[in-house]
file work.txt (compact mmCIF, C-alpha atoms)
# COMPACT_ATOMS: atom_id res chain seq x y z
CA MET P 96 10.56 -29.60 -4.58
CA SER P 97 10.07 -31.65 -1.48
CA GLU P 98 6.65 -32.35 -0.09
CA ILE P 99 5.76 -31.33 3.43
CA LEU P 100 3.10 -32.99 5.52
CA LEU P 101 1.31 -30.91 8.13
CA GLN P 102 -1.96 -31.03 10.00
CA ILE P 103 -4.61 -28.31 9.77
CA ASP P 104 -7.72 -28.59 11.94
CA GLY P 105 -7.07 -32.28 12.39
CA LYS P 106 -6.78 -32.90 8.66
CA ASP P 107 -3.55 -34.12 7.04
CA VAL P 108 -2.47 -31.62 4.41
CA LYS P 109 0.28 -31.98 1.82
CA ALA P 110 2.16 -28.82 0.91
CA THR P 111 5.32 -27.79 -0.90
CA GLU P 112 8.11 -26.17 1.08
CA THR P 113 7.67 -22.64 -0.25
CA MET P 114 4.02 -22.47 0.77
CA THR P 115 2.59 -20.46 3.64
CA VAL P 116 0.08 -21.92 6.08
CA LEU P 117 -2.64 -19.87 4.36
CA GLU P 118 -1.80 -21.32 0.94
CA ALA P 119 -1.67 -24.85 2.32
CA ALA P 120 -5.03 -24.40 4.05
CA ARG P 121 -6.69 -23.00 0.94
CA SER P 122 -5.29 -25.82 -1.21
CA ALA P 123 -7.01 -28.23 1.17
CA GLY P 124 -10.28 -26.31 1.11
CA ILE P 125 -9.88 -24.95 4.64
CA HIS P 126 -11.04 -21.36 4.98
CA ILE P 127 -9.01 -18.76 6.87
CA PRO P 128 -10.37 -15.18 6.72
CA THR P 129 -8.18 -12.43 5.22
CA LEU P 130 -8.56 -8.80 4.21
CA CYS P 131 -5.13 -7.66 3.08
CA HIS P 132 -4.19 -10.84 1.20
CA HIS P 133 -4.19 -11.02 -2.61
CA GLU P 134 -2.65 -13.84 -4.57
CA LYS P 135 -0.97 -11.50 -7.05
CA LEU P 136 0.75 -9.60 -4.23
CA GLU P 137 3.51 -10.33 -1.76
CA PRO P 138 2.18 -11.44 1.64
CA TYR P 139 1.70 -8.37 3.82
CA GLY P 140 0.59 -9.41 7.30
CA GLY P 141 -1.28 -6.19 7.99
CA CYS P 142 -4.87 -7.09 8.84
CA ARG P 143 -3.98 -10.02 11.15
CA LEU P 144 -7.38 -11.62 10.53
CA CYS P 145 -5.60 -14.76 9.38
CA THR P 146 -4.09 -15.23 12.84
CA VAL P 147 -4.04 -18.95 13.66
CA GLU P 148 -2.55 -21.12 16.37
CA VAL P 149 0.42 -23.26 15.36
CA GLU P 150 2.09 -25.93 17.43
CA THR P 151 5.65 -27.14 17.02
CA ARG P 152 7.38 -29.53 19.41
CA GLY P 153 4.52 -29.19 21.87
CA ARG P 154 4.70 -25.39 21.95
CA ALA P 155 1.68 -23.44 20.71
CA ARG P 156 1.78 -19.85 19.52
CA LEU P 157 -0.21 -17.40 17.43
CA VAL P 158 1.05 -16.46 13.96
CA ALA P 159 -0.24 -14.82 10.78
CA ALA P 160 -1.10 -17.66 8.39
CA CYS P 161 -0.40 -15.49 5.31
CA LEU P 162 3.27 -15.20 6.32
CA PHE P 163 4.08 -18.31 8.30
CA PRO P 164 5.92 -20.91 6.21
CA VAL P 165 4.77 -24.51 6.36
CA GLN P 166 7.08 -26.95 8.11
CA PRO P 167 7.01 -30.70 8.61
CA ASP P 168 4.67 -31.94 11.36
CA LEU P 169 3.29 -28.47 12.02
CA ILE P 170 -0.07 -28.56 13.75
CA VAL P 171 -2.37 -25.67 12.80
CA ARG P 172 -5.65 -24.73 14.45
CA THR P 173 -7.61 -22.16 12.47
CA HIS P 174 -10.41 -21.81 15.03
CA THR P 175 -9.86 -21.74 18.77
CA PRO P 176 -11.78 -19.59 21.27
CA GLU P 177 -8.68 -17.39 21.56
CA VAL P 178 -8.23 -16.98 17.80
CA ASP P 179 -11.92 -16.28 17.24
CA LYS P 180 -11.95 -13.64 19.98
CA LEU P 181 -8.94 -11.87 18.43
CA ARG P 182 -10.64 -11.89 15.03
CA LYS P 183 -13.82 -10.51 16.55
CA THR P 184 -11.98 -7.55 18.11
CA ILE P 185 -10.03 -6.90 14.90
CA ILE P 186 -13.30 -6.81 12.92
CA GLU P 187 -14.81 -4.43 15.49
CA LEU P 188 -11.76 -2.14 15.28
CA LEU P 189 -12.11 -2.00 11.48
CA MET P 190 -15.87 -1.45 11.60
CA ALA P 191 -15.21 1.80 13.45
CA HIS P 192 -14.01 2.93 10.00
CA ALA P 193 -16.30 1.11 7.60
CA PRO P 194 -19.47 -0.13 9.33
CA ASP P 195 -21.21 -0.79 6.02
CA SER P 196 -18.47 -2.64 4.18
CA PHE P 197 -19.99 -5.87 2.84
CA GLU P 198 -16.85 -7.83 3.56
CA LEU P 199 -16.81 -6.65 7.15
CA LEU P 200 -20.55 -7.22 7.61
CA ASP P 201 -20.14 -10.84 6.53
CA LEU P 202 -17.20 -11.30 8.88
CA ALA P 203 -19.06 -9.58 11.71
CA GLN P 204 -21.90 -12.03 11.35
CA GLU P 205 -19.54 -15.01 11.35
CA TYR P 206 -17.64 -13.87 14.44
CA GLY P 207 -20.44 -12.16 16.34
CA ALA P 208 -18.74 -8.77 16.15
CA ASP P 209 -20.54 -5.63 17.29
CA ARG P 210 -20.06 -2.94 14.66
CA ASN P 211 -20.81 -0.19 17.16
CA ARG P 212 -18.38 -1.31 19.86
CA PHE P 213 -15.95 1.50 19.07
CA ASP P 214 -16.78 5.11 18.27
CA GLN P 215 -16.99 5.84 14.57
CA GLU P 216 -13.81 7.08 12.88
CA SER P 217 -13.90 9.70 10.15
CA SER P 218 -11.93 7.68 7.58
CA PHE P 219 -13.48 4.76 5.72
CA CYS P 220 -10.07 3.38 4.82
CA LEU P 221 -8.98 0.07 6.42
CA LEU P 222 -5.37 0.61 5.31
CA CYS P 223 -5.21 -2.94 3.97
CA GLY P 224 -2.83 -1.53 1.37
CA LEU P 225 -4.27 -3.59 -1.52
CA CYS P 226 -4.43 -0.50 -3.76
CA VAL P 227 -0.98 0.76 -2.78
CA ARG P 228 0.66 -2.63 -3.21
CA TYR P 229 -1.17 -3.47 -6.44
CA CYS P 230 -0.07 -0.20 -8.01
CA ASN P 231 3.49 -0.80 -6.83
CA GLU P 232 3.94 -4.53 -7.35
CA VAL P 233 1.72 -5.32 -10.34
CA LYS P 234 1.47 -2.03 -12.25
CA GLN P 235 4.79 -0.60 -11.01
CA LYS P 236 3.40 2.92 -11.23
CA ASN P 237 3.25 4.00 -7.58
CA ALA P 238 0.36 6.37 -8.26
CA ILE P 239 -0.95 5.78 -4.75
CA ALA P 240 1.02 5.60 -1.55
CA PHE P 241 0.85 5.48 2.22
CA VAL P 242 1.61 8.76 3.91
CA ASP P 243 2.36 9.39 7.58
CA CYS P 244 2.52 6.68 10.21
CA GLY P 245 0.74 5.22 13.21
CA ALA P 246 -2.83 6.38 13.78
CA LYS P 247 -2.26 9.19 11.23
CA ARG P 248 -1.48 6.82 8.38
CA GLU P 249 -3.56 7.30 5.23
CA ILE P 250 -3.53 6.56 1.51
CA ASN P 251 -2.99 9.33 -1.00
CA PHE P 252 -2.88 9.45 -4.77
CA ILE P 253 0.19 11.24 -6.09
CA PRO P 254 -1.46 13.79 -8.42
CA GLU P 255 1.47 14.04 -10.87
CA ILE P 256 1.48 10.28 -11.44
CA ALA P 257 -2.27 9.74 -11.08
CA SER P 258 -3.08 12.30 -13.78
CA GLN P 259 -0.88 10.34 -16.20
CA GLU P 260 -1.61 6.76 -15.22
CA CYS P 261 -4.94 6.28 -13.51
CA ARG P 262 -7.52 7.29 -16.12
CA ASP P 263 -7.15 4.13 -18.20
CA CYS P 264 -6.30 1.75 -15.37
CA LYS P 265 -8.37 1.98 -12.18
CA GLU P 266 -7.60 -1.70 -11.59
CA CYS P 267 -7.27 -0.97 -7.88
CA PHE P 268 -10.92 0.10 -7.57
CA PRO P 269 -12.45 -3.39 -7.26
CA LEU P 270 -9.77 -4.45 -4.76
CA CYS P 271 -10.93 -1.94 -2.15
CA PRO P 272 -13.03 -3.48 0.65
CA THR P 273 -14.72 -0.10 1.25
CA SER P 274 -15.60 2.79 -1.01
CA TYR P 275 -12.79 4.92 0.32
CA LEU P 276 -10.30 4.39 -2.49
CA GLN P 277 -12.64 5.65 -5.20
CA ALA P 278 -13.59 8.63 -3.11
CA ALA P 279 -9.90 9.45 -2.62
CA TYR P 280 -9.32 9.15 -6.36
CA PHE P 281 -12.17 11.41 -7.39
CA LEU P 282 -11.19 13.95 -4.78
CA THR P 283 -7.64 13.98 -6.13
CA GLU P 284 -8.97 14.24 -9.66
CA ALA P 285 -11.28 17.12 -8.83
CA LEU P 286 -8.61 19.04 -6.95
CA ALA P 287 -5.45 18.26 -8.88
CA PHE P 288 -6.40 17.72 -12.50
CA PRO P 289 -9.90 19.20 -12.80
CA HIS P 290 -9.83 19.51 -16.59
CA GLU P 291 -10.04 15.70 -16.73
CA SER P 292 -12.47 15.34 -13.89
CA ASN P 293 -16.08 14.35 -14.42
CA ALA P 294 -16.92 15.55 -10.95
CA ALA P 295 -15.45 19.00 -11.52
CA HIS P 296 -17.00 19.14 -14.99
CA ALA P 297 -20.47 18.42 -13.63
CA LEU P 298 -20.07 21.19 -11.08
CA THR P 299 -18.94 23.83 -13.57
CA LYS P 300 -21.80 23.04 -15.97
CA LYS P 301 -24.38 24.20 -13.48
CA MET W 19 17.03 -2.86 7.78
CA ARG W 20 14.13 -2.07 5.47
CA SER W 21 15.25 1.57 5.43
CA ILE W 22 18.80 0.62 4.47
CA GLU W 23 17.30 -1.34 1.58
CA GLY W 24 15.56 1.88 0.50
CA LYS W 25 12.09 0.60 1.39
CA ASN W 26 9.35 1.86 3.70
CA PRO W 27 10.41 1.67 7.34
CA GLU W 28 8.00 -1.12 8.25
CA PRO W 29 8.68 -4.42 9.96
CA ARG W 30 9.72 -7.28 7.72
CA PRO W 31 6.80 -9.66 7.35
CA LYS W 32 8.91 -12.75 7.90
CA TYR W 33 9.12 -15.54 10.40
CA ILE W 34 12.82 -15.91 9.56
CA ARG W 35 15.49 -14.45 11.84
CA THR W 36 17.59 -11.62 10.44
CA SER W 37 20.69 -13.58 11.48
CA VAL W 38 19.60 -16.05 8.78
CA SER W 39 18.22 -13.59 6.22
CA GLY W 40 18.37 -9.85 6.84
CA ILE W 41 19.49 -6.89 4.74
CA TRP W 42 19.32 -7.81 1.04
CA ASP W 43 18.54 -11.37 2.22
CA LYS W 44 22.02 -11.69 3.76
CA PRO W 45 22.60 -12.77 7.37
CA SER W 46 22.55 -9.57 9.46
CA ASN W 47 23.11 -8.81 13.10
CA LEU W 48 21.43 -5.89 14.77
CA ASN W 49 22.45 -5.21 18.36
CA ASN W 50 22.39 -2.27 20.72
CA VAL W 51 25.60 -0.30 21.14
CA GLU W 52 25.58 -1.30 24.81
CA THR W 53 25.77 -4.96 23.82
CA TRP W 54 28.71 -4.37 21.46
CA ALA W 55 30.46 -2.28 24.13
CA ASN W 56 30.53 -5.35 26.38
CA VAL W 57 32.29 -7.49 23.80
CA PRO W 58 35.88 -6.12 24.03
CA LEU W 59 35.71 -6.21 27.84
CA ILE W 60 34.67 -9.85 27.78
CA ILE W 61 37.41 -10.68 25.26
CA ASN W 62 40.08 -8.90 27.30
CA LYS W 63 39.04 -9.95 30.79
CA GLY W 64 37.41 -13.30 30.09
CA HIS W 65 33.92 -14.64 30.52
CA ALA W 66 34.56 -15.72 34.11
CA TRP W 67 35.17 -12.10 35.09
CA TYR W 68 32.00 -10.96 33.31
CA THR W 69 29.73 -13.68 34.65
CA GLY W 70 31.10 -13.03 38.15
CA ILE W 71 29.10 -9.80 38.11
CA GLY W 72 25.32 -9.79 38.40
CA THR W 73 22.66 -12.32 39.37
CA GLU W 74 22.32 -15.98 38.58
CA LYS W 75 20.52 -15.40 35.29
CA SER W 76 21.29 -11.75 34.50
CA LYS W 77 25.01 -11.23 34.13
CA GLY W 78 27.25 -8.21 33.95
CA THR W 79 26.34 -4.58 34.39
CA LYS W 80 23.52 -2.47 33.00
CA LEU W 81 23.31 1.17 31.99
CA VAL W 82 20.16 2.69 33.49
CA SER W 83 18.82 6.09 32.35
CA VAL W 84 17.17 7.55 35.43
CA SER W 85 14.74 10.41 34.84
CA GLY W 86 11.54 11.88 36.23
CA HIS W 87 10.98 12.93 39.84
CA VAL W 88 14.50 12.29 41.08
CA LYS W 89 17.18 14.61 42.46
CA ASN W 90 19.95 13.49 40.13
CA THR W 91 18.83 12.43 36.69
CA ALA W 92 21.65 10.45 35.14
CA VAL W 93 22.77 7.46 33.16
CA VAL W 94 24.27 5.12 35.73
CA GLU W 95 26.08 1.83 35.29
CA VAL W 96 25.19 -0.70 38.00
CA PRO W 97 25.79 -4.40 38.47
CA MET W 98 22.78 -6.55 37.62
CA GLY W 99 21.02 -7.38 40.87
CA THR W 100 21.19 -3.84 42.28
CA THR W 101 17.76 -3.05 43.71
CA LEU W 102 15.58 -0.33 42.22
CA ARG W 103 15.52 1.32 45.65
CA GLU W 104 19.33 1.56 45.69
CA ILE W 105 19.28 3.22 42.26
CA VAL W 106 16.63 5.80 43.19
CA PHE W 107 17.77 6.67 46.72
CA ASP W 108 21.44 5.71 47.17
CA ILE W 109 22.72 6.56 43.72
CA CYS W 110 20.35 9.24 42.45
CA GLY W 111 19.64 11.04 45.72
CA GLY W 112 15.94 10.32 46.15
CA ILE W 113 12.86 12.40 45.35
CA PRO W 114 12.99 16.22 45.18
CA GLY W 115 11.08 18.08 47.90
CA ASP W 116 11.29 14.95 50.02
CA LYS W 117 8.06 13.73 48.54
CA LYS W 118 7.17 10.08 48.72
CA LEU W 119 7.91 7.75 45.87
CA LYS W 120 4.86 6.26 44.17
CA ALA W 121 6.34 3.99 41.50
CA VAL W 122 9.07 3.59 38.97
CA HIS W 123 8.23 2.93 35.36
CA PHE W 124 10.93 0.63 34.05
CA GLY W 125 11.82 -0.35 30.51
CA GLY W 126 10.80 2.73 28.55
CA ALA W 127 7.39 3.39 26.99
CA MET W 128 6.81 -0.33 26.41
CA GLY W 129 7.83 -1.16 29.99
CA GLY W 130 5.79 -1.45 33.14
CA SER W 131 5.24 0.38 36.40
CA ILE W 132 6.49 -1.06 39.67
CA PRO W 133 4.88 0.31 42.86
CA GLU W 134 6.87 1.56 45.83
CA ASN W 135 6.23 -1.55 47.95
CA LEU W 136 8.08 -3.68 45.38
CA LEU W 137 11.03 -1.34 45.06
CA ASP W 138 13.45 -3.84 46.56
CA THR W 139 13.14 -5.81 43.33
CA PRO W 140 16.60 -6.48 41.93
CA LEU W 141 17.62 -5.40 38.44
CA ASP W 142 17.17 -8.78 36.77
CA PHE W 143 15.45 -9.79 33.54
CA ASP W 144 13.21 -12.39 35.17
CA ALA W 145 12.38 -10.31 38.25
CA LEU W 146 11.31 -7.35 36.11
CA SER W 147 9.25 -9.40 33.68
CA SER W 148 7.46 -11.18 36.52
CA LEU W 149 6.19 -7.71 37.51
CA GLY W 150 5.07 -6.84 33.98
CA ALA W 151 8.03 -4.54 33.33
CA THR W 152 10.95 -5.19 31.00
CA MET W 153 14.66 -4.43 31.06
CA GLY W 154 14.24 -2.73 27.68
CA ALA W 155 16.97 -0.21 27.09
CA GLY W 156 17.22 0.47 30.83
CA GLY W 157 14.92 3.49 30.94
CA MET W 158 13.77 4.22 34.47
CA LEU W 159 11.14 6.88 35.08
CA VAL W 160 10.76 7.84 38.74
CA LEU W 161 7.26 8.94 39.77
CA ASP W 162 6.46 10.78 42.99
CA GLU W 163 3.28 10.57 45.08
CA ASP W 164 1.52 13.35 43.14
CA THR W 165 1.67 11.47 39.84
CA SER W 166 -1.56 10.34 38.21
CA MET W 167 -0.80 6.88 36.85
CA VAL W 168 -3.68 7.22 34.38
CA GLN W 169 -2.20 10.48 33.01
CA MET W 170 1.27 8.96 32.88
CA THR W 171 -0.01 5.94 30.95
CA ARG W 172 -1.87 8.20 28.53
CA THR W 173 1.35 10.09 27.82
CA LEU W 174 3.20 6.84 27.08
CA LEU W 175 0.40 5.58 24.80
CA ASP W 176 0.35 8.91 22.98
CA PHE W 177 4.07 8.46 22.33
CA LEU W 178 3.53 4.86 21.16
CA SER W 179 0.71 5.88 18.81
CA LYS W 180 3.22 8.15 17.06
CA GLU W 181 5.91 5.45 17.06
CA SER W 182 3.57 2.86 15.53
CA CYS W 183 4.24 2.50 11.81
CA GLY W 184 0.53 1.90 11.21
CA LYS W 185 0.93 -1.24 9.14
CA CYS W 186 -0.99 -3.76 11.22
CA VAL W 187 -4.48 -3.39 12.66
CA PRO W 188 -4.00 -4.53 16.29
CA CYS W 189 -1.27 -1.98 16.92
CA ARG W 190 -2.55 0.96 14.84
CA GLU W 191 -6.24 0.67 15.69
CA GLY W 192 -5.73 -0.90 19.11
CA VAL W 193 -3.48 1.89 20.35
CA ARG W 194 -5.76 4.49 18.72
CA GLN W 195 -8.78 3.14 20.64
CA MET W 196 -6.83 2.68 23.88
CA LEU W 197 -5.77 6.30 23.64
CA LYS W 198 -9.40 7.40 23.25
CA VAL W 199 -10.34 5.53 26.39
CA MET W 200 -7.36 7.02 28.24
CA ASP W 201 -8.43 10.50 27.09
CA ARG W 202 -11.86 9.92 28.62
CA LEU W 203 -10.37 8.58 31.83
CA CYS W 204 -8.02 11.56 32.15
CA GLU W 205 -11.06 13.84 32.16
CA ASN W 206 -12.80 11.60 34.70
CA LYS W 207 -15.37 10.83 32.02
CA GLY W 208 -14.68 7.11 31.78
CA ARG W 209 -17.62 4.92 30.87
CA PRO W 210 -18.64 1.73 32.65
CA GLY W 211 -16.88 -1.11 30.87
CA ASP W 212 -13.88 1.01 29.83
CA ILE W 213 -11.46 -1.00 31.97
CA GLU W 214 -12.63 -4.26 30.40
CA LEU W 215 -12.39 -2.62 26.97
CA LEU W 216 -8.77 -1.67 27.71
CA GLU W 217 -8.03 -5.24 28.77
CA ASP W 218 -9.48 -6.61 25.52
CA LEU W 219 -7.48 -4.12 23.45
CA CYS W 220 -4.33 -5.04 25.37
CA GLU W 221 -4.95 -8.68 24.55
CA VAL W 222 -5.42 -8.17 20.80
CA SER W 223 -2.39 -5.88 20.57
CA ARG W 224 -0.21 -8.32 22.53
CA LYS W 225 -1.25 -11.46 20.73
CA ALA W 226 -1.90 -10.44 17.14
CA SER W 227 0.45 -7.55 16.28
CA LEU W 228 3.09 -7.89 13.60
CA CYS W 229 6.14 -6.61 15.46
CA SER W 230 7.37 -6.24 18.99
CA LEU W 231 6.20 -2.62 19.25
CA GLY W 232 2.57 -3.70 18.95
CA ARG W 233 3.26 -6.83 20.97
CA THR W 234 4.45 -4.77 23.94
CA ALA W 235 2.53 -1.49 23.50
CA TYR W 236 -0.11 -2.84 25.89
CA SER W 237 2.45 -3.18 28.67
CA PRO W 238 2.11 0.22 30.42
CA VAL W 239 -1.68 -0.12 30.39
CA LEU W 240 -1.80 -3.63 31.77
CA SER W 241 0.86 -3.00 34.41
CA THR W 242 -0.77 0.17 35.72
CA LEU W 243 -4.11 -1.65 35.68
CA ARG W 244 -2.49 -4.37 37.75
CA PHE W 245 -1.00 -2.16 40.44
CA PHE W 246 -3.08 1.01 40.28
CA ARG W 247 -6.50 -0.24 39.21
CA GLU W 248 -8.24 1.95 41.78
CA GLU W 249 -7.04 5.05 39.92
CA TYR W 250 -8.72 3.76 36.76
CA GLU W 251 -11.88 2.92 38.67
CA ALA W 252 -11.93 6.44 40.15
CA SER W 253 -11.78 7.90 36.61
CA ILE W 254 -15.06 6.30 35.55
CA ALA W 255 -17.85 8.87 35.61
CA PRO W 256 -20.56 7.95 38.13
call {"tool": "encode", "arguments": {"input": "work.txt", "output": "structure tokens"}}
result
Amino acid sequence: MSEILLQIDGKDVKATETMTVLEAARSAGIHIPTLCHHEKLEPYGGCRLCTVEVETRGRARLVAACLFPVQPDLIVRTHTPEVDKLRKTIIELLMAHAPDSFELLDLAQEYGADRNRFDQESSFCLLCGLCVRYCNEVKQKNAIAFVDCGAKREINFIPEIASQECRDCKECFPLCPTSYLQAAYFLTEALAFPHESNAAHALTKK
Amino acid sequence: MRSIEGKNPEPRPKYIRTSVSGIWDKPSNLNNVETWANVPLIINKGHAWYTGIGTEKSKGTKLVSVSGHVKNTAVVEVPMGTTLREIVFDICGGIPGDKKLKAVHFGGAMGGSIPENLLDTPLDFDALSSLGATMGAGGMLVLDEDTSMVQMTRTLLDFLSKESCGKCVPCREGVRQMLKVMDRLCENKGRPGDIELLEDLCEVSRKASLCSLGRTAYSPVLSTLRFFREEYEASIAP
């Protein structure tokens, strides 16, 4: 596999041709923030926090580092005033959903984001899709899925599959950047297969 | 293409052109029917005939779907370079009730509004984009003097929020928040700073979205802010 030489934040970085800019940066110890990225999963490009500026043949543009393939002589800038401002707004948009998420609080501090800039939304889900994609790509069970589109998009456990598969797995729980996923699971459990549900059991005991 | 592959209808997260790697990783061409319909004519009559029609940089003819406040709504085929005024008044008969024209919104939901004083703009890719509109699929919405540009923009954003697949944050959340601001403005309950907030949301949607829907969803907002800013300012509660 041929070696590719590129420049990230002024530093010469060696990469292999199948790498993305994000992978090349991380291999060189350069940090680019992400929310929807997971090394076991296919790149997704949903959160756009990893937006960076790349320059080829004198032309600069903004791309998602988790998807953009490395190429020879690419110049990457992971922090510019423009990039940092975009990240700040993206964090603020997400904090309308999960103002207390530790991951978001850390990012908010780094980028000076105001967690109250937008009115609070009722759902805590960031729709990063880590749970959905993990269940699909790694476990190949599809017990949780996206439903609906646009602003109505949400995650939902499929009760028929969840009741069979989830009890002994729950590997998606620690992936979730908010507490929404677990809440969605226990709600599904309580409503759809209550005989197995701790929550429902506790209620009926009273 | 993702749907044909049996996957979720979301944009492909690739910086590789579909003509290189598309459906099932094979080279794939996706073009509008209008584009294909031009091909046999060009083959039969030659490129010189085709490029003889239109402007210096926009060649041939264009199908324009004219709708809204206009006497004859129709799909019309005009040579590139025809002015918007000719389309509205000479071809489509002008505005019903002899009202005044306020603007035309060109390029569909992701297009831009062009005010009456610029109506002599020719149908030309560069001329339209310099005004913040796009050729798009040739959708032309005619708006009379009674139209609220803020209301019209809200309607377009509402449509776009339903068209968004919801995969990436700038488009899904950006359009959601823009729509909330537009809702406030439509009730004349805008807050100080709302216009600047819209401009910031336009920027993040334009620069950081995954696909061209998100990358152009800002367009009706920014173009109406450019030409009809006073209507936005009037919608801010005192």
call {"tool": "residues_around", "arguments": {"input": "work.txt", "residues": "P:Cys244", "least_positions_apart": "2", "cutoff": "7 Å", "atoms": "all atoms listed in the file", "output": "VMD selection string"}}
result
(chain P and resid 242 246 to 248) or (chain W and resid 182 to 184)
call {"tool": "write_last_selection", "arguments": {"input": "work.txt", "atoms": "C-alpha atoms", "output": "CSV table (one decimal), in the coordinates of the input"}}
result
chain,number,residue,atom,x,y,z
P,242,VAL,CA,1.6,8.8,3.9
P,246,ALA,CA,-2.8,6.4,13.8
P,247,LYS,CA,-2.3,9.2,11.2
P,248,ARG,CA,-1.5,6.8,8.4
W,182,SER,CA,3.6,2.9,15.5
W,183,CYS,CA,4.2,2.5,11.8
W,184,GLY,CA,0.5,1.9,11.2
call {"tool": "residues_around", "arguments": {"input": "work.txt", "residues": "W:Asn206", "least_positions_apart": "5", "cutoff": "7 Å", "atoms": "only C-alpha atoms", "output": "ChimeraX atom specification"}}
result
/W:253-255
call {"tool": "atom_distance", "arguments": {"input": "work.txt", "atom1": "atom CA of W:Val122", "atom2": "atom CA of W:Ala252"}}
result
21.2 Å
call {"tool": "residues_around", "arguments": {"input": "work.txt", "residues": "stretch 236-244 of chain W", "least_positions_apart": "6", "cutoff": "8 Å", "atoms": "all atoms listed in the file", "output": "ChimeraX atom specification"}}
result
/W:127-132,149-151,167-168,171,174-175,216-217,219-221,223-224,250
call {"tool": "atom_distance", "arguments": {"input": "work.txt", "atom1": "atom CA of P:Val165", "atom2": "atom CA of P:Thr115"}}
result
5.3 Å
call {"tool": "atom_distance", "arguments": {"input": "work.txt", "atom1": "atom CA of W:Leu119", "atom2": "atom CA of W:Cys204"}}
result
21.4 Å
call {"tool": "interface_residues", "arguments": {"input": "work.txt", "of": "chain W", "to": "chain P", "cutoff": "7 Å", "atoms": "all atoms listed in the file", "output": "JSON, numbers by chain"}}
result
{"W": [31, 32, 33, 179, 180, 181, 182, 183, 184, 185, 186, 187, 188, 190, 191, 194, 222, 225, 226, 228]}
call {"tool": "residues_near_point", "arguments": {"input": "work.txt", "point": "(4.4, 12.5, -6.9)", "cutoff": "9 Å", "atoms": "all atoms listed in the file", "output": "NGL selection string"}}
result
:P and (237-239 or 252-257)
call {"tool": "write_last_selection", "arguments": {"input": "work.txt", "atoms": "C-alpha atoms", "output": "CSV table (one decimal), in the coordinates of the input"}}
result
chain,number,residue,atom,x,y,z
P,237,ASN,CA,3.2,4.0,-7.6
P,238,ALA,CA,0.4,6.4,-8.3
P,239,ILE,CA,-1.0,5.8,-4.8
P,252,PHE,CA,-2.9,9.4,-4.8
P,253,ILE,CA,0.2,11.2,-6.1
P,254,PRO,CA,-1.5,13.8,-8.4
P,255,GLU,CA,1.5,14.0,-10.9
P,256,ILE,CA,1.5,10.3,-11.4
P,257,ALA,CA,-2.3,9.7,-11.1
call {"tool": "closest_residue", "arguments": {"input": "work.txt", "among": "P:Glu198, P:Leu225, P:Ile127, P:Tyr206", "to": "P:Pro176", "atoms": "only C-alpha atoms"}}
result
P:Tyr206
call {"tool": "residues_around", "arguments": {"input": "work.txt", "residues": "W:Val199", "least_positions_apart": "3", "cutoff": "10 Å", "atoms": "only C-alpha atoms", "output": "PyMOL selection string"}}
result
chain W and resi 172+193-196+202-204+207-209+212-213+215-216
call {"tool": "axis_aligned_box", "arguments": {"input": "work.txt", "around": "stretch 155-172 of chain W", "padding_each_side": "5 Å", "output": "JSON"}}
result
{"center_x": 6.8, "center_y": 6.6, "center_z": 36.1, "size_x": 30.9, "size_y": 23.6, "size_z": 28.0}
call {"tool": "closest_residue", "arguments": {"input": "work.txt", "among": "W:Gly72, W:Gly192, W:Thr165, W:Phe143", "to": "W:Lys117", "atoms": "all atoms listed in the file"}}
result
W:Thr165
call {"tool": "residues_around", "arguments": {"input": "work.txt", "residues": "W:Gly40", "least_positions_apart": "4", "cutoff": "12 Å", "atoms": "all atoms listed in the file", "output": "mmCIF file with C-alpha atoms, keeping the file's coordinate frame"}}
result
data_model
loop_
_atom_site.group_PDB
_atom_site.id
_atom_site.type_symbol
_atom_site.label_atom_id
_atom_site.label_comp_id
_atom_site.auth_asym_id
_atom_site.auth_seq_id
_atom_site.Cartn_x
_atom_site.Cartn_y
_atom_site.Cartn_z
ATOM 1 C CA MET W 19 17.030 -2.860 7.780
ATOM 2 C CA ARG W 20 14.130 -2.070 5.470
ATOM 3 C CA SER W 21 15.250 1.570 5.430
ATOM 4 C CA ILE W 22 18.800 0.620 4.470
ATOM 5 C CA GLU W 23 17.300 -1.340 1.580
ATOM 6 C CA PRO W 29 8.680 -4.420 9.960
ATOM 7 C CA ARG W 30 9.720 -7.280 7.720
ATOM 8 C CA PRO W 31 6.800 -9.660 7.350
ATOM 9 C CA LYS W 32 8.910 -12.750 7.900
ATOM 10 C CA TYR W 33 9.120 -15.540 10.400
ATOM 11 C CA ILE W 34 12.820 -15.910 9.560
ATOM 12 C CA ARG W 35 15.490 -14.450 11.840
ATOM 13 C CA THR W 36 17.590 -11.620 10.440
ATOM 14 C CA LYS W 44 22.020 -11.690 3.760
ATOM 15 C CA PRO W 45 22.600 -12.770 7.370
ATOM 16 C CA SER W 46 22.550 -9.570 9.460
ATOM 17 C CA ASN W 47 23.110 -8.810 13.100
ATOM 18 C CA LEU W 48 21.430 -5.890 14.770
#
call {"tool": "closest_residue", "arguments": {"input": "work.txt", "among": "P:Met190, P:Leu136, P:Ala155, P:Ala240", "to": "P:Thr273", "atoms": "all atoms listed in the file"}}
result
P:Met190
call {"tool": "residues_near_point", "arguments": {"input": "work.txt", "point": "(-6.0, 10.9, -12.9)", "cutoff": "9 Å", "atoms": "all atoms listed in the file", "output": "PyMOL selection string"}}
result
chain P and resi 252+254-263+280-281+283-284+287-288+291-292
